[in-house]
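Visitor: File name run-v8.cif; file contents mmCIF, C-alpha atoms; full text below.
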```
data_upload
#
loop_
_atom_site.label_atom_id
_atom_site.label_comp_id
_atom_site.auth_asym_id
_atom_site.auth_seq_id
_atom_site.Cartn_x
_atom_site.Cartn_y
_atom_site.Cartn_z
CA MET A 338 -47.24 1.41 15.54
CA LEU A 339 -45.79 1.67 12.06
CA ARG A 340 -48.04 2.88 9.29
CA GLY A 341 -47.11 0.40 6.57
CA ALA A 342 -47.49 -3.09 5.22
CA ILE A 343 -45.09 -4.87 7.59
CA MET A 344 -45.10 -7.59 10.22
CA CYS A 345 -42.13 -8.18 12.50
CA SER A 346 -41.19 -10.72 15.15
CA ALA A 347 -38.96 -10.60 18.21
CA ALA A 348 -35.24 -11.28 18.05
CA VAL A 349 -33.08 -12.06 21.05
CA GLY A 350 -30.34 -10.33 23.07
CA VAL A 351 -28.88 -7.11 21.70
CA LEU A 352 -30.88 -7.60 18.49
CA ALA A 353 -34.23 -7.77 20.30
CA ALA A 354 -37.13 -5.98 18.61
CA ALA A 355 -40.60 -5.66 20.06
CA ALA A 356 -43.24 -7.42 17.98
CA CYS A 357 -45.13 -4.96 15.83
CA SER A 358 -48.13 -4.67 13.58
CA SER A 359 -48.68 -2.51 10.56
CA SER A 360 -50.58 0.20 8.74
CA SER A 361 -49.44 2.58 5.67
CA THR A 362 -46.22 3.31 3.85
CA SER A 363 -44.84 4.09 0.43
CA SER A 364 -41.75 2.46 -1.02
CA THR A 365 -40.67 3.71 -4.42
CA ALA A 366 -37.33 3.94 -6.19
CA THR A 367 -35.62 7.33 -6.27
CA SER A 368 -32.00 8.51 -6.22
CA THR A 369 -31.87 11.32 -3.66
CA SER A 370 -33.40 12.07 -0.30
CA PRO A 371 -34.36 15.09 1.67
CA PRO A 372 -33.06 14.73 5.06
CA VAL A 373 -32.69 13.62 10.62
CA THR A 374 -33.65 15.96 13.30
CA SER A 375 -34.27 15.54 16.98
CA ALA A 376 -36.25 18.73 17.36
CA SER A 377 -40.04 18.50 17.54
CA ASN A 378 -41.83 19.73 14.40
CA SER A 379 -38.65 21.09 12.82
CA SER A 380 -37.34 20.83 9.28
CA PRO A 381 -35.27 17.64 8.86
CA SER A 382 -31.68 17.62 7.62
CA ALA A 383 -29.90 14.93 5.61
CA VAL A 384 -27.78 12.21 7.19
CA GLN A 385 -25.51 10.07 5.04
CA LEU A 386 -25.85 6.29 5.05
CA GLU A 387 -22.38 4.75 4.97
CA GLY A 388 -21.43 1.27 3.77
CA THR A 389 -20.62 -1.28 6.45
CA PRO A 390 -18.56 -2.98 7.74
CA THR A 391 -15.68 -0.54 7.77
CA GLY A 392 -12.32 0.00 9.49
CA THR A 393 -8.65 -0.89 9.12
CA ALA A 394 -6.29 -3.84 9.13
CA VAL A 395 -2.58 -3.60 9.96
CA LEU A 396 -0.52 -6.34 8.29
CA SER A 397 2.96 -7.31 9.45
CA TRP A 398 5.25 -10.28 8.68
CA ASP A 399 7.80 -11.96 10.91
CA PRO A 400 10.69 -13.33 8.80
CA THR A 401 11.66 -15.73 11.59
CA THR A 402 8.30 -17.47 11.83
CA THR A 403 7.19 -16.48 8.27
CA LEU A 404 3.74 -15.68 9.69
CA VAL A 405 1.60 -12.68 8.76
CA THR A 406 -0.30 -10.99 11.57
CA ALA A 407 -3.45 -9.02 10.75
CA ALA A 408 -4.62 -6.59 13.46
CA ILE A 409 -8.27 -5.83 12.70
CA ASP A 410 -10.02 -2.69 13.96
CA MET A 411 -13.49 -2.65 12.38
CA GLN A 412 -17.17 -2.08 13.10
CA GLY A 413 -20.53 -2.78 11.48
CA PHE A 414 -20.69 -6.58 11.49
CA THR A 415 -23.62 -8.64 12.68
CA PRO A 416 -23.12 -8.78 16.47
CA SER A 417 -21.30 -11.96 17.59
CA SER A 418 -20.80 -13.14 13.99
CA SER A 419 -17.68 -14.85 12.62
CA HIS A 420 -16.15 -14.39 9.18
CA ALA A 421 -13.57 -16.10 6.99
CA MET A 422 -10.67 -13.87 5.94
CA HIS A 423 -7.96 -14.37 3.32
CA ILE A 424 -5.41 -12.55 1.19
CA HIS A 425 -6.01 -13.14 -2.53
CA PRO A 426 -3.95 -12.27 -5.61
CA GLY A 427 -5.59 -9.47 -7.60
CA SER A 428 -7.61 -6.53 -6.32
CA CYS A 429 -10.97 -5.69 -4.79
CA ALA A 430 -12.12 -4.80 -8.30
CA ASP A 431 -10.85 -8.10 -9.77
CA GLN A 432 -11.72 -10.92 -7.39
CA THR A 433 -11.08 -13.87 -9.65
CA GLN A 434 -8.20 -15.69 -7.92
CA PRO A 435 -8.40 -18.20 -5.04
CA PRO A 436 -6.90 -17.22 -1.68
CA SER A 437 -3.14 -17.41 -1.18
CA VAL A 438 -2.93 -16.53 2.54
CA PRO A 439 -5.65 -17.89 4.85
CA PHE A 440 -6.28 -16.56 8.35
CA PRO A 441 -8.36 -17.88 11.23
CA ASP A 442 -11.90 -16.49 11.33
CA ILE A 443 -12.42 -13.05 12.85
CA THR A 444 -15.29 -12.67 15.34
CA ALA A 445 -17.35 -9.59 16.18
CA ASP A 446 -18.30 -8.72 19.74
CA THR A 447 -21.88 -8.17 20.92
CA THR A 448 -21.90 -4.65 19.42
CA GLY A 449 -20.70 -5.76 15.96
CA ALA A 450 -17.10 -4.56 16.36
CA VAL A 451 -13.93 -6.58 15.66
CA ARG A 452 -10.82 -5.67 17.66
CA GLN A 453 -8.71 -8.74 17.08
CA SER A 454 -5.34 -9.93 15.80
CA VAL A 455 -5.11 -13.16 13.82
CA VAL A 456 -2.04 -14.99 12.50
CA SER A 457 -1.80 -16.67 9.10
CA GLU A 458 -0.34 -19.95 8.07
CA PRO A 459 3.37 -19.70 7.01
CA VAL A 460 4.03 -17.27 4.13
CA PRO A 461 7.67 -17.62 3.05
CA GLY A 462 7.68 -14.50 0.87
CA GLY A 463 6.09 -12.07 3.30
CA ILE A 464 3.11 -9.78 2.70
CA PRO A 465 2.19 -10.11 -0.99
CA GLY A 466 1.90 -6.72 -2.67
CA GLY A 467 -0.57 -6.31 -5.52
CA SER A 468 -3.11 -8.43 -3.68
CA TYR A 469 -6.16 -7.82 -1.50
CA LEU A 470 -7.51 -8.70 1.93
CA ASN A 471 -11.01 -10.17 1.74
CA ILE A 472 -13.56 -10.72 4.53
CA HIS A 473 -16.41 -13.05 3.68
CA LEU A 474 -20.02 -13.17 4.88
CA ALA A 475 -19.74 -16.62 6.47
CA PRO A 476 -17.16 -18.27 8.72
CA SER A 477 -14.76 -20.77 7.15
CA ALA A 478 -16.83 -23.79 8.18
CA GLN A 479 -19.83 -22.44 6.25
CA LEU A 480 -18.04 -21.16 3.15
CA GLY A 481 -19.43 -22.57 -0.06
CA ALA A 482 -18.38 -22.05 -3.65
CA SER A 483 -17.45 -18.57 -4.84
CA THR A 484 -20.96 -18.24 -6.29
CA ASP A 485 -22.68 -19.03 -2.97
CA VAL A 486 -24.13 -16.30 -0.72
CA SER A 487 -21.92 -17.55 2.11
CA PHE A 488 -18.78 -16.60 0.11
CA THR A 489 -19.99 -13.01 -0.48
CA PRO A 490 -17.19 -10.49 0.21
CA ILE A 491 -18.42 -7.95 2.78
CA GLY A 492 -15.09 -6.18 3.45
CA CYS A 493 -12.14 -5.68 1.13
CA ALA A 494 -8.86 -3.77 1.06
CA ASP A 495 -6.24 -3.55 -1.67
CA ILE A 496 -2.63 -4.19 -0.61
CA PRO A 497 -0.57 -1.86 -2.82
CA ALA A 498 2.10 -3.19 -5.16
CA GLY A 499 5.52 -2.45 -3.71
CA THR A 500 4.40 -3.05 -0.12
CA SER A 501 7.34 -4.10 2.08
CA ALA A 502 7.38 -7.85 2.62
CA ALA A 503 7.63 -7.30 6.38
CA GLY A 504 5.30 -4.32 6.61
CA PRO A 505 3.70 -3.05 8.65
CA VAL A 506 1.11 -1.76 6.22
CA THR A 507 -2.25 -0.31 7.18
CA VAL A 508 -5.08 -0.86 4.73
CA LYS A 509 -8.59 0.57 4.82
CA VAL A 510 -11.27 -2.11 4.69
CA ALA A 511 -14.64 -1.22 3.18
CA ALA A 512 -17.63 -2.83 1.55
CA PRO A 513 -16.58 -3.85 -2.00
CA GLN A 514 -18.19 -2.23 -5.00
CA LYS A 515 -20.56 -4.17 -7.22
CA ASN A 516 -21.03 -3.15 -10.84
CA GLY A 517 -18.83 -0.12 -10.21
CA ALA A 518 -20.74 1.22 -7.21
CA ALA A 519 -21.00 0.53 -3.50
CA PRO A 520 -24.26 0.91 -1.55
CA ALA A 521 -24.86 4.50 -0.43
CA GLY A 522 -27.76 6.72 0.51
CA THR A 523 -29.36 9.26 2.82
CA VAL A 524 -31.98 9.16 5.54
CA LYS A 525 -34.11 11.75 7.32
CA LEU A 526 -36.24 11.52 10.46
CA ALA A 527 -38.87 14.17 11.20
CA TYR A 528 -40.64 14.09 14.57
CA ASP A 529 -44.14 15.46 15.07
CA GLY A 530 -44.50 16.30 18.76
CA ALA A 531 -48.24 16.90 18.54
CA GLN A 532 -48.95 13.53 16.91
CA HIS A 533 -46.09 11.66 18.64
CA SER A 534 -45.13 10.27 15.26
CA LEU A 535 -41.87 9.90 13.39
CA GLN A 536 -41.60 10.15 9.61
CA VAL A 537 -38.69 8.32 7.98
CA VAL A 538 -37.54 8.99 4.42
CA LEU A 539 -34.68 6.83 3.16
CA ASN A 540 -33.09 6.69 -0.26
CA ALA A 541 -30.35 4.31 -1.40
CA SER A 542 -28.41 3.36 -4.52
CA GLY A 543 -25.88 0.69 -5.46
CA LEU A 544 -28.10 -2.18 -4.28
CA PRO A 545 -28.51 -5.47 -6.17
CA ALA A 546 -31.22 -5.17 -8.80
CA GLY A 547 -34.65 -6.09 -7.45
CA SER A 548 -33.35 -6.80 -3.93
CA ALA A 549 -35.24 -6.23 -0.67
CA HIS A 550 -33.63 -5.10 2.59
CA ALA A 551 -34.84 -4.94 6.19
CA VAL A 552 -34.54 -1.49 7.80
CA HIS A 553 -34.61 -0.65 11.52
CA ILE A 554 -34.06 2.26 13.87
CA HIS A 555 -31.86 0.97 16.70
CA SER A 556 -30.54 2.26 20.00
CA GLY A 557 -26.79 2.68 20.11
CA SER A 558 -24.60 3.66 17.18
CA CYS A 559 -23.10 2.25 14.00
CA ALA A 560 -19.90 1.64 16.00
CA ALA A 561 -21.68 0.01 18.97
CA GLN A 562 -24.91 -1.58 17.80
CA GLY A 563 -27.88 -2.04 20.13
CA ALA A 564 -31.46 -3.26 20.21
CA VAL A 565 -34.10 -2.52 17.58
CA LEU A 566 -36.39 0.35 18.57
CA TYR A 567 -38.59 0.68 15.48
CA PRO A 568 -38.76 -1.80 12.56
CA LEU A 569 -39.61 -0.25 9.19
CA PRO A 570 -40.96 -1.74 5.95
CA ASP A 571 -38.44 -3.45 3.67
CA LEU A 572 -36.50 -1.25 1.28
CA GLN A 573 -37.19 -2.47 -2.26
CA ALA A 574 -34.66 -1.79 -5.03
CA ASN A 575 -35.60 -1.38 -8.68
CA ASP A 576 -33.75 -2.85 -11.66
CA ALA A 577 -31.12 -0.09 -11.41
CA GLY A 578 -30.42 -0.83 -7.73
CA ASP A 579 -32.06 2.40 -6.52
CA ALA A 580 -34.65 2.42 -3.73
CA SER A 581 -36.71 4.82 -1.64
CA LEU A 582 -38.77 4.27 1.48
CA THR A 583 -41.20 6.59 3.27
CA ALA A 584 -42.84 5.41 6.49
CA THR A 585 -44.49 6.90 9.57
CA VAL A 586 -44.03 5.37 13.02
CA ASP A 587 -46.81 6.17 15.54
CA ASN A 588 -46.68 6.21 19.35
CA VAL A 589 -43.15 7.61 19.54
CA ALA A 590 -43.11 9.29 22.95
CA THR A 591 -40.13 11.59 22.42
CA ALA A 592 -38.09 13.06 19.61
CA PRO A 593 -34.91 11.25 18.57
CA PRO A 594 -32.08 12.05 21.01
CA ALA A 595 -29.03 14.05 20.02
CA THR A 596 -27.09 10.78 20.07
CA GLY A 597 -28.01 7.17 20.79
CA TRP A 598 -30.07 6.15 17.74
CA TYR A 599 -28.93 4.79 14.40
CA VAL A 600 -30.56 3.51 11.20
CA ASN A 601 -29.45 0.13 9.82
CA VAL A 602 -30.14 -1.37 6.38
CA HIS A 603 -29.55 -5.13 6.27
CA MET A 604 -28.42 -7.44 3.48
CA GLY A 605 -31.67 -9.44 3.43
CA ALA A 606 -35.38 -8.74 3.72
CA MET A 607 -37.13 -8.94 7.10
CA SER A 608 -38.32 -12.46 6.27
CA GLN A 609 -34.69 -13.55 5.70
CA ILE A 610 -32.66 -12.03 8.53
CA LEU A 611 -33.87 -14.15 11.46
CA ASP A 612 -34.23 -17.91 11.76
CA ALA A 613 -37.19 -19.69 13.36
CA ALA A 614 -35.65 -19.22 16.81
CA GLY A 615 -35.19 -15.48 16.28
CA ASN A 616 -31.43 -15.68 15.82
CA PRO A 617 -29.63 -13.68 13.09
CA THR A 618 -28.98 -15.44 9.78
CA LEU A 619 -26.12 -14.61 7.42
CA LEU A 620 -28.42 -12.10 5.68
CA PHE A 621 -28.79 -10.04 8.87
CA ALA A 622 -25.45 -8.45 7.95
CA PRO A 623 -25.68 -4.63 7.93
CA ILE A 624 -24.84 -3.03 4.59
CA LEU A 625 -25.69 0.65 5.28
CA CYS A 626 -25.72 2.59 8.54
CA ALA A 627 -26.23 6.17 9.75
CA ASP A 628 -26.01 7.60 13.25
CA VAL A 629 -28.95 9.90 14.06
CA THR A 630 -27.68 13.26 15.28
CA SER A 631 -29.28 16.60 16.08
#
```
So, in terms of structure tokens, how does the structure I just supplied come out?
Guide:
Amino acid sequence: MLRGAIMCSAAVGVLAAAACSSSSTSSTATSTSPPVTSASNSSPSAVQLEGTPTGTAVLSWDPTTTLVTAAIDMQGFTPSSSHAMHIHPGSCADQTQPPSVPFPDITADTTGAVRQSVVSEPVPGGIPGGSYLNIHLAPSAQLGASTDVSFTPIGCADIPAGTSAAGPVTVKVAAPQKNGAAPAGTVKLAYDGAQHSLQVVLNASGLPAGSAHAVHIHSGSCAAQGAVLYPLPDLQANDAGDASLTATVDNVATAPPATGWYVNVHMGAMSQILDAAGNPTLLFAPILCADVTS
């Protein structure tokens, strides 16, 4: 049982979470966090929450076919989700131009990883330097206007000016910054062996002002996502985009393992991340993740 004002329902497949009831928690905005430990009744140590999704893309151009190939090696997507991807003029910090090079959608596997190569439409001039690769929240068929949630960039990489038209060029794809900052934070887990309880303290910054975000402890890792083990109360950001959550989970039989657990912060609140059938919505998308280690 979770001590806190939260209700949760079951999801399906790899995202399955046991239904839970609630009890007591605090959720206040702060900027730093004490620290995760797997040892019973020991002093917790800090674990960094990293922005997701993350990884690399290798771009290459064939002058014979005039097609650009993008080899994607990334993790941290909603499992089994698909996403529109384009090259745009400009930069990750200046996303004002429409796409110039469209690609087919990329699709994550059941663990949220994308290991896929996609080929663009013809691009006579080769890889455009001084541009950026953008991955959107929704697949192409669901993309709305640039102001719609579906269009939200969730992964971005600048393609440097002067890049060879043929490549190959490897670019690092990361969650784009908003208002000069990307989501970041820390989390700590402290296990009480006598009470069989787990205290979670999580702090985050760089969130949208006033936003709420579902938080779970899962089995697996940020690179290979698994089922929900323990849902936590929503993380609530203040007007500055800072948030803090403290919650205690009861009836935890054993301390966190040395590996095999991770903490996920999602784009939407718990009430937004699953549809009526228990399937993930667009707002299920992970935005922060940390592997729990000894």
Visitor: Residue by residue, what does the PyMOL selection byres ((chain A and resi 533) around 12) grab here? Present the result as a ChimeraX atom specification.
Guide: /A:338-339,377-378,527-532,534-536,585-593
Visitor: Which residues of range 506-620 of chain A come within 8 Å of range 479-490 of chain A, and what is each one's closest atom pair and distance in Å (one decimal), counting all atoms listed in the file, sorted by chain and residue number, as a Markdown table?
Guide:
```
| residue | atom | partner | partner_atom | distance |
| --- | --- | --- | --- | --- |
| A:Ala512 | CA | A:Pro490 | CA | 7.8 |
| A:Pro513 | CA | A:Pro490 | CA | 7.0 |
| A:Leu619 | CA | A:Ser487 | CA | 7.4 |
```
Visitor: Can you spit out the residues from that selection as an mmCIF file, keeping the file's coordinate frame, using C-alpha atoms?
Guide:
```
data_model
loop_
_atom_site.group_PDB
_atom_site.id
_atom_site.type_symbol
_atom_site.label_atom_id
_atom_site.label_comp_id
_atom_site.auth_asym_id
_atom_site.auth_seq_id
_atom_site.Cartn_x
_atom_site.Cartn_y
_atom_site.Cartn_z
ATOM 1 C CA ALA A 512 -17.630 -2.830 1.550
ATOM 2 C CA PRO A 513 -16.580 -3.850 -2.000
ATOM 3 C CA LEU A 619 -26.120 -14.610 7.420
#
```
Visitor: How many Å lie between CA of Ala503 in chain A and CA of Gln434 in chain A, rounded to one decimal?
Guide: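 We find that CA of Ala503 in chain A and CA of Gln434 in chain A lie 22.9 Å from each other.
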Visitor: Rank A:Ala518, A:Ala502, A:Val602, A:Ala475 by their smallest atom-to-atom distance to Gly462 in chain A, using only C-alpha atoms, and report the top residue only.
Guide: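 Among A:Ala518, A:Ala502, A:Val602, A:Ala475, it is A:Ala502 that comes nearest to Gly462 in chain A.
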Visitor: Do you know which residues the PyMOL selection byres ((chain A and resi 624) around 8) returns on this file, as number ranges by chain?
Guide: A: 388-390, 512, 520, 601-604, 622-623, 625-626
Visitor: Pick from A:Val552, A:Ala519, A:Ala613, A:Ala494: nearest to Ser581 in chain A, with all atoms listed in the file counted?
Guide: A:Val552
Visitor: Could you check how far CA of Phe621 in chain A sits from CA of Val438 in chain A, in Å to one decimal?
Guide: 27.4 Å
Visitor: What is the distance, in Å and to one decimal place, between CA of Thr391 in chain A and CA of Lys509 in chain A?
Guide: 7.8 Å
Visitor: For each of A:Pro459, A:Pro441, A:Pro416, A:Gly499, take the minimum atom-to-atom distance to Pro476 in chain A, counting only C-alpha atoms, then give the residue where this is smallest.
Guide: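 With only C-alpha atoms as the atom set, the closest residue is A:Pro441.
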Visitor: Identify which of the residues A:Val510, A:Ala450, A:Ala445, A:Leu470 lies closest to Ile424 in chain A, counting all atoms listed in the file when measuring atom-to-atom distances.
Guide: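 That would be A:Leu470, the residue with the smallest distance to Ile424 in chain A.
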Visitor: Could you tell me, as a list in words, exactly which residues end up selected when the PyMOL selection byres ((chain A and resi 451) around 9) is applied to this structure?
Guide: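 That expression, the PyMOL selection byres ((chain A and resi 451) around 9), corresponds here to Ile409, Asp410, Met411, Gln412, Gly413, Phe414, Ile443, Thr444, Ala445, Asp446, Gly449, Ala450, Arg452 and Gln453 of chain A.
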Visitor: Would you mind telling me which residue in A:Ser428, A:Ser457, A:Asn616, A:Gln385 lies nearest to Thr403 in chain A when using all atoms listed in the file?
Guide: A:Ser457
Visitor: Between A:Gly517, A:Gly605, A:Gly392, A:Gly563, which has the minimum distance to Ala551 in chain A (counting only C-alpha atoms)?
Guide: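 Ranking A:Gly517, A:Gly605, A:Gly392, A:Gly563 by distance to Ala551 in chain A, first place goes to A:Gly605.
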Visitor: Output as JSON the centre and edge lengths (Å, one decimal) of the box along x, y and z of the file that holds every listed atom of range 427-432 of chain A after adding 3 Å on each side.
Guide:
```
{"center_x": -8.9, "center_y": -7.9, "center_z": -7.3, "size_x": 12.5, "size_y": 12.1, "size_z": 11.0}
```
Visitor: Please provide as a list of chain:residue names all residues within 6 Å of Val537 in chain A, with the sequence filter that same-chain residues fewer than 5 positions apart are discarded (counting all atoms listed in the file).
Guide: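 The filter keeps A:Lys525, A:Leu526, A:Thr583, A:Ala584.
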